[in-house]
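Contents: one structure, followed by commentary.
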Amino acid sequence: MKTFASSTGHNAAAAYPPAWGAVFSMALCVVVLIASEFMPVSLLTPIAQDLGISQGQAGQAISISGFFAVLTSLLNTPLTGRFDRKRVLLGFSFLLLLSGVTVAFAPNGVVFMTGRALLGVAIGGFWSMSTATVMRLVPRDSVAKGLALINGGNALAATVAAPLGSFLGQYIGWRGAFFLVIPLAVLAFAWQWLSVPAMSSPQNSRATNPLKLLRNPQMAIGMLAIMLLFMGQFAVFTYLRPFLESITGVSVTTLSLMLLLLGLCGLAGTWMIGGLLQKRIYAYLIAIPLAMAVLAAVLIALGHSPVAVAVVLGVWGLVATPAPVAWGLWLSRTLPDDAEAGGGLMVAVIQMAITVGAGVGGALFDHLGWWSPFAFGAVVLSGSAAFALAAMRHARFSA
């Protein structure tokens with residue numbers, strides 16, 4: 001089997017043909033990761049009843065996976081930076097498989113949470129390596145396309161995981177719903193085993209502590225922009241359902257169709273962004289959060305109109321879902337030799353931003369009213385655009 005030994009995707013791509021099969025195998029793994037992560041959202045009640053725990057305790061299944069994802073994303077490069085990257089990637093894919101088996105056959109809440117912790121390790125490790133791995137699998141001018149492909153798996157799974165879990169749970173139970181991801185995990189593992197080339201640890205690898213990257217002004221500013229982007233996004237997104245039910249006044253069926261529209265537009269946006277990012281990347285890094293801020297404000301103003309809300313949600317999906325692709329490409333160009341450590345830092349920042357954004361949004365929703373998380377999201381997203389502009393002024397690459 002051929003070996004990719006260079007430190008970046010640029011040199012590797014020059015020596016070997018692009019490994020698109022490996023990129024597709026990673027996209028499939030992302031589908032399984034994200035589906036597994038969000039499946040409990042629609043299955044909390046039967047999980048709690050079967051395992052003898054409260055729904056609040058069952059809801060910690062999301063929190064515990066997020067906590068271990070943050071921890072792993074920060075520790076992955078320092079602890080595994082000396083090892084063949086293919087083996088490390090396969091290790092995280094195996095943990096995904098082991099997590100699925102553990103959760104599906106969990107006899108009690110402790111074992112169930114153990115399986116979720118394993119999933120968090122797989123999520124943090126896999127995502128922290130994704131950008132650096134794509135850089136070594138495809139030519140430089142195809143990195144955006146490769147990242148878009150992987151994020152397309154993310155968008156697809158995020159769109160269908162919760163409704164599919166709820167639907168399947170009615171017929172085969174929550175364990176059956178979780179068990180169905182196991183064959184996909186096996187397929188993803190086998191496909192990666194066969195298609196991902198051996199990628200020895202770069203000779204100039206410094207096993208960088210991701211937090212040390214914040215000494216770079218551009219990285220620090222960029223991470224602030226990413227943090228505010230996801231904080232604002234999830235302050236809004238987390239509370240769409242109660243907003244749609246109580247303010248827009250749509251039925252559950254219409255609500256599901258609106259969320260499906262959001263997801264499908266997200267897939268379209270992810271497919272389109274790969275080509276658009278080849279030039280003027282900073283223009284998109286600034287425009288995306290600005291557009292989202294405007295859309296959040298429009299939701300406040302036109303929230304009682306189902307047609308207007310549906311249009312806004314479609315545009316939201318088109319604009320917001322491709323954002324990780326844009327920032328992943330920015331990372332690959334800002335840190336071509338430390339992309340994996342940077343990826344770990346970015347994953348940690350995103351996970352923490354999601355937690356804070358959802359938490360602050362919930363507190364505002366309860367104490368100030370339905371409009372407040374949308375207003376908070378608009379302000380925070382505007383801040384993200386401002387920091388993206390500041391990052392552009394510190395840029396070391398042309399875009």
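By order in the structure tokens, chains are A, B, ...; within a chain, residues start at 1; ligands start at 1, following the order shown.
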Listing only residues of region 131-175 of chain A within 9 Å of region 258-267 of chain A, what is the closest atom pair and its distance in Å (to one decimal) for each, using only C-alpha atoms, sorted by chain and residue number ascending, as a tab-separated table?
residue	atom	partner	partner_atom	distance
A:Asn151	CA	A:Leu267	CA	8.8
A:Gly152	CA	A:Leu267	CA	6.0
A:Gly153	CA	A:Leu267	CA	8.7
A:Ala155	CA	A:Leu267	CA	5.9
A:Leu156	CA	A:Leu267	CA	6.7
A:Ala158	CA	A:Gly263	CA	7.6
A:Thr159	CA	A:Gly263	CA	5.0
A:Val160	CA	A:Leu260	CA	8.0
Could you give me, as a JSON list (two decimals) with N, CA, C and O atoms, in the first residue's frame, the residues within 8 Å of Ile354 (chain A), counting only C-alpha atoms and dropping anything in the same chain fewer than 3 positions from it?
[["chain", "number", "residue", "atom", "x", "y", "z"],
["A", 230, "PHE", "N", -20.86, 29.93, 16.00],
["A", 230, "PHE", "CA", -21.63, 28.77, 16.46],
["A", 230, "PHE", "C", -22.45, 29.08, 17.71],
["A", 230, "PHE", "O", -23.52, 28.48, 17.91],
["A", 231, "MET", "N", -21.98, 30.00, 18.53],
["A", 231, "MET", "CA", -22.77, 30.41, 19.68],
["A", 231, "MET", "C", -24.07, 31.06, 19.21],
["A", 231, "MET", "O", -25.17, 30.75, 19.70],
["A", 234, "PHE", "N", -26.52, 28.43, 17.36],
["A", 234, "PHE", "CA", -27.27, 27.49, 18.20],
["A", 234, "PHE", "C", -28.13, 28.19, 19.24],
["A", 234, "PHE", "O", -29.03, 27.57, 19.80],
["A", 235, "ALA", "N", -27.88, 29.47, 19.50],
["A", 235, "ALA", "CA", -28.83, 30.23, 20.30],
["A", 235, "ALA", "C", -30.16, 30.34, 19.56],
["A", 235, "ALA", "O", -31.24, 30.34, 20.17],
["A", 350, "ILE", "N", -15.88, 24.92, 18.83],
["A", 350, "ILE", "CA", -17.24, 24.75, 18.33],
["A", 350, "ILE", "C", -18.12, 24.05, 19.35],
["A", 350, "ILE", "O", -19.26, 24.48, 19.60],
["A", 351, "GLN", "N", -17.63, 22.98, 19.95],
["A", 351, "GLN", "CA", -18.43, 22.24, 20.93],
["A", 351, "GLN", "C", -18.78, 23.12, 22.12],
["A", 351, "GLN", "O", -19.92, 23.12, 22.60],
["A", 357, "GLY", "N", -24.05, 28.71, 23.64],
["A", 357, "GLY", "CA", -25.12, 29.35, 22.88],
["A", 357, "GLY", "C", -26.48, 28.78, 23.22],
["A", 357, "GLY", "O", -27.45, 29.53, 23.44],
["A", 358, "ALA", "N", -26.58, 27.46, 23.30],
["A", 358, "ALA", "CA", -27.86, 26.82, 23.65],
["A", 358, "ALA", "C", -28.26, 27.16, 25.08],
["A", 358, "ALA", "O", -29.43, 27.40, 25.37]]
Inset, instruction - Tell me, as a VMD selection string, which residues lie within 10 Å of Val23 (chain A), counting only C-alpha atoms; anything in the same chain fewer than 6 positions away does not count. - result: chain A and resid 29 130 133 to 134 137 to 138 146 to 147 149 to 150 192 195 to 196
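Compared by their closest atoms to Ala157 (chain A), and using only C-alpha atoms, the residues A:Ala268, A:Val30, A:Val250, A:Leu96 rank with A:Val30 nearest.
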Inset, instruction - Apply DSSP to the backbone of this structure and, from region 224-263 of chain A, keep only the residues in alpha helix (DSSP H); write these as a PyMOL selection string. - result: chain A and resi 224-237+240-243+252-263
Those residues you just picked out, can you put them in a file as an mmCIF file, in the first residue's frame with N, CA and C atoms?
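Generated output (result.cif):
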data_model
loop_
_atom_site.group_PDB
_atom_site.id
_atom_site.type_symbol
_atom_site.label_atom_id
_atom_site.label_comp_id
_atom_site.auth_asym_id
_atom_site.auth_seq_id
_atom_site.Cartn_x
_atom_site.Cartn_y
_atom_site.Cartn_z
ATOM 1 N N LEU A 224 -12.087 33.241 17.766
ATOM 2 C CA LEU A 224 -13.158 34.064 18.342
ATOM 3 C C LEU A 224 -14.327 34.188 17.358
ATOM 4 N N ALA A 225 -13.994 34.376 16.083
ATOM 5 C CA ALA A 225 -15.046 34.463 15.063
ATOM 6 C C ALA A 225 -15.832 33.153 14.982
ATOM 7 N N ILE A 226 -15.122 32.025 15.036
ATOM 8 C CA ILE A 226 -15.786 30.713 14.984
ATOM 9 C C ILE A 226 -16.661 30.514 16.217
ATOM 10 N N MET A 227 -16.137 30.874 17.397
ATOM 11 C CA MET A 227 -16.895 30.714 18.631
ATOM 12 C C MET A 227 -18.201 31.507 18.576
ATOM 13 N N LEU A 228 -18.129 32.764 18.145
ATOM 14 C CA LEU A 228 -19.329 33.594 18.088
ATOM 15 C C LEU A 228 -20.292 33.104 17.014
ATOM 16 N N LEU A 229 -19.754 32.584 15.903
ATOM 17 C CA LEU A 229 -20.613 32.058 14.846
ATOM 18 C C LEU A 229 -21.483 30.921 15.366
ATOM 19 N N PHE A 230 -20.864 29.930 16.002
ATOM 20 C CA PHE A 230 -21.629 28.774 16.457
ATOM 21 C C PHE A 230 -22.451 29.080 17.705
ATOM 22 N N MET A 231 -21.978 30.001 18.532
ATOM 23 C CA MET A 231 -22.772 30.412 19.685
ATOM 24 C C MET A 231 -24.074 31.062 19.210
ATOM 25 N N GLY A 232 -23.958 31.970 18.241
ATOM 26 C CA GLY A 232 -25.142 32.624 17.713
ATOM 27 C C GLY A 232 -26.056 31.671 16.960
ATOM 28 N N GLN A 233 -25.444 30.776 16.167
ATOM 29 C CA GLN A 233 -26.241 29.834 15.393
ATOM 30 C C GLN A 233 -27.100 28.964 16.294
ATOM 31 N N PHE A 234 -26.522 28.434 17.364
ATOM 32 C CA PHE A 234 -27.271 27.493 18.196
ATOM 33 C C PHE A 234 -28.129 28.190 19.245
ATOM 34 N N ALA A 235 -27.879 29.472 19.499
ATOM 35 C CA ALA A 235 -28.831 30.232 20.302
ATOM 36 C C ALA A 235 -30.157 30.340 19.563
ATOM 37 N N VAL A 236 -30.089 30.428 18.240
ATOM 38 C CA VAL A 236 -31.291 30.499 17.408
ATOM 39 C C VAL A 236 -31.834 29.111 17.102
ATOM 40 N N PHE A 237 -30.976 28.234 16.590
ATOM 41 C CA PHE A 237 -31.415 26.940 16.062
ATOM 42 C C PHE A 237 -32.042 26.055 17.139
ATOM 43 N N LEU A 240 -35.857 26.717 17.701
ATOM 44 C CA LEU A 240 -36.755 26.855 16.553
ATOM 45 C C LEU A 240 -38.079 26.121 16.774
ATOM 46 N N ARG A 241 -38.019 24.931 17.354
ATOM 47 C CA ARG A 241 -39.269 24.160 17.501
ATOM 48 C C ARG A 241 -40.286 24.882 18.380
ATOM 49 N N PRO A 242 -39.940 25.303 19.612
ATOM 50 C CA PRO A 242 -40.953 26.028 20.388
ATOM 51 C C PRO A 242 -41.398 27.326 19.720
ATOM 52 N N PHE A 243 -40.491 27.979 18.989
ATOM 53 C CA PHE A 243 -40.861 29.184 18.249
ATOM 54 C C PHE A 243 -41.889 28.861 17.170
ATOM 55 N N VAL A 252 -47.358 19.936 13.836
ATOM 56 C CA VAL A 252 -46.138 19.132 13.922
ATOM 57 C C VAL A 252 -45.685 18.704 12.537
ATOM 58 N N THR A 253 -46.644 18.357 11.672
ATOM 59 C CA THR A 253 -46.299 17.933 10.312
ATOM 60 C C THR A 253 -45.642 19.075 9.540
ATOM 61 N N THR A 254 -46.236 20.266 9.605
ATOM 62 C CA THR A 254 -45.662 21.423 8.911
ATOM 63 C C THR A 254 -44.301 21.782 9.488
ATOM 64 N N LEU A 255 -44.199 21.699 10.813
ATOM 65 C CA LEU A 255 -42.922 21.966 11.468
ATOM 66 C C LEU A 255 -41.838 21.032 10.940
ATOM 67 N N SER A 256 -42.181 19.743 10.844
ATOM 68 C CA SER A 256 -41.204 18.768 10.349
ATOM 69 C C SER A 256 -40.801 19.077 8.915
ATOM 70 N N LEU A 257 -41.771 19.506 8.105
ATOM 71 C CA LEU A 257 -41.468 19.848 6.716
ATOM 72 C C LEU A 257 -40.563 21.079 6.638
ATOM 73 N N MET A 258 -40.791 22.044 7.527
ATOM 74 C CA MET A 258 -39.936 23.236 7.539
ATOM 75 C C MET A 258 -38.505 22.882 7.916
ATOM 76 N N LEU A 259 -38.353 22.028 8.918
ATOM 77 C CA LEU A 259 -37.009 21.615 9.330
ATOM 78 C C LEU A 259 -36.339 20.776 8.245
ATOM 79 N N LEU A 260 -37.151 19.979 7.540
ATOM 80 C CA LEU A 260 -36.608 19.198 6.428
ATOM 81 C C LEU A 260 -36.134 20.128 5.316
ATOM 82 N N LEU A 261 -36.916 21.175 5.045
ATOM 83 C CA LEU A 261 -36.521 22.170 4.045
ATOM 84 C C LEU A 261 -35.200 22.817 4.443
ATOM 85 N N LEU A 262 -35.064 23.166 5.719
ATOM 86 C CA LEU A 262 -33.820 23.746 6.207
ATOM 87 C C LEU A 262 -32.646 22.804 5.940
ATOM 88 N N GLY A 263 -32.857 21.516 6.242
ATOM 89 C CA GLY A 263 -31.783 20.546 6.032
ATOM 90 C C GLY A 263 -31.427 20.346 4.572
#
Legend entry - A:Gly91, A:Ala378, A:Val349, A:Glu245 ranked by distance to Ile300 (chain A), top pick (using only C-alpha atoms):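 Looking only at the distances to Ile300 (chain A), the closest residue turns out to be A:Ala378.
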For the interface of region 102-141 of chain A with region 62-76 of chain A (cut-off 7 Å, counting only C-alpha atoms), please tabulate each contacting residue of region 102-141 of chain A alongside its nearest pair of atoms and their separation in Å to one decimal, rows sorted by chain and increasing number, as CSV.
residue,atom,partner,partner_atom,distance
A:Arg116,CA,A:Ser65,CA,5.4
A:Ala117,CA,A:Ser65,CA,5.1
A:Leu119,CA,A:Ser65,CA,6.1
A:Gly120,CA,A:Ser65,CA,3.9
A:Val121,CA,A:Ala69,CA,5.2
A:Ile123,CA,A:Ala69,CA,5.6
A:Gly124,CA,A:Ala69,CA,3.8
A:Gly125,CA,A:Ser73,CA,5.4
A:Ser128,CA,A:Ser73,CA,5.5
Using N, CA and C atoms, can you export the residues from the last selection as a PDB file, in the first residue's frame?
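See result_13.pdb below for the written result:
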ATOM      1  N   ARG A 116     -21.876   6.429  25.320  1.00  0.00           N
ATOM      2  CA  ARG A 116     -21.925   7.801  24.820  1.00  0.00           C
ATOM      3  C   ARG A 116     -20.577   8.503  24.985  1.00  0.00           C
ATOM      4  N   ALA A 117     -19.865   8.181  26.062  1.00  0.00           N
ATOM      5  CA  ALA A 117     -18.529   8.747  26.257  1.00  0.00           C
ATOM      6  C   ALA A 117     -17.585   8.274  25.157  1.00  0.00           C
ATOM      7  N   LEU A 119     -18.455   7.475  22.202  1.00  0.00           N
ATOM      8  CA  LEU A 119     -18.856   8.212  20.996  1.00  0.00           C
ATOM      9  C   LEU A 119     -18.231   9.606  20.998  1.00  0.00           C
ATOM     10  N   GLY A 120     -18.207  10.264  22.162  1.00  0.00           N
ATOM     11  CA  GLY A 120     -17.600  11.582  22.253  1.00  0.00           C
ATOM     12  C   GLY A 120     -16.126  11.560  21.890  1.00  0.00           C
ATOM     13  N   VAL A 121     -15.408  10.517  22.345  1.00  0.00           N
ATOM     14  CA  VAL A 121     -13.996  10.374  21.995  1.00  0.00           C
ATOM     15  C   VAL A 121     -13.850  10.230  20.480  1.00  0.00           C
ATOM     16  N   ILE A 123     -15.949  11.271  18.151  1.00  0.00           N
ATOM     17  CA  ILE A 123     -16.315  12.533  17.499  1.00  0.00           C
ATOM     18  C   ILE A 123     -15.159  13.529  17.564  1.00  0.00           C
ATOM     19  N   GLY A 124     -14.626  13.739  18.777  1.00  0.00           N
ATOM     20  CA  GLY A 124     -13.554  14.709  18.942  1.00  0.00           C
ATOM     21  C   GLY A 124     -12.311  14.339  18.166  1.00  0.00           C
ATOM     22  N   GLY A 125     -11.943  13.051  18.203  1.00  0.00           N
ATOM     23  CA  GLY A 125     -10.743  12.619  17.496  1.00  0.00           C
ATOM     24  C   GLY A 125     -10.896  12.681  15.993  1.00  0.00           C
ATOM     25  N   SER A 128     -11.182  16.370  14.713  1.00  0.00           N
ATOM     26  CA  SER A 128      -9.937  17.124  14.845  1.00  0.00           C
ATOM     27  C   SER A 128      -8.938  16.764  13.752  1.00  0.00           C
TER      28      SER A 128
END
Inset, instruction - Give the answer as one residue: which of A:Leu368, A:Ala363, A:Val298, A:Ala198 has the shortest atom-to-atom distance to Asp84 (chain A), using only C-alpha atoms? - result: A:Ala198
Inset, instruction - Choose the residue, out of A:Phe83, A:Thr114, A:Ala301, A:Ala291, that has the smallest atom-to-atom separation from Val379 (chain A); count only C-alpha atoms. - result: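 Among the listed residues, the smallest separation from Val379 (chain A) belongs to A:Ala291.
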Legend entry - Coordinates-based distance that separates CA of Gln60 (chain A) from CA of Thr45 (chain A) (Å, one decimal): 12.8 Å
Legend entry - Of the listed residues A:Leu213, A:Val307, A:Leu168, A:Ile221, that which approaches Gly249 (chain A) most closely, counting only C-alpha atoms: A:Val307
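Here CA of Gly383 (chain A) is placed at a distance of 19.5 Å from CA of Thr238 (chain A).
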Inset, instruction - Counting only C-alpha atoms, figure out which residue out of A:Leu51, A:Val111, A:Ile34, A:Leu329 gets nearest to Ser142 (chain A). - result: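 Smallest distance to Ser142 (chain A) is found for A:Leu329.
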Inset, instruction - Could you give me, as a PyMOL selection string, the residues within 12 Å of Val143 (chain A), counting only C-alpha atoms and dropping anything in the same chain fewer than 4 positions from it? - result: chain A and resi 8-10+13+18-20+23+130-139+147-150+273-275+277-278+325-333+336
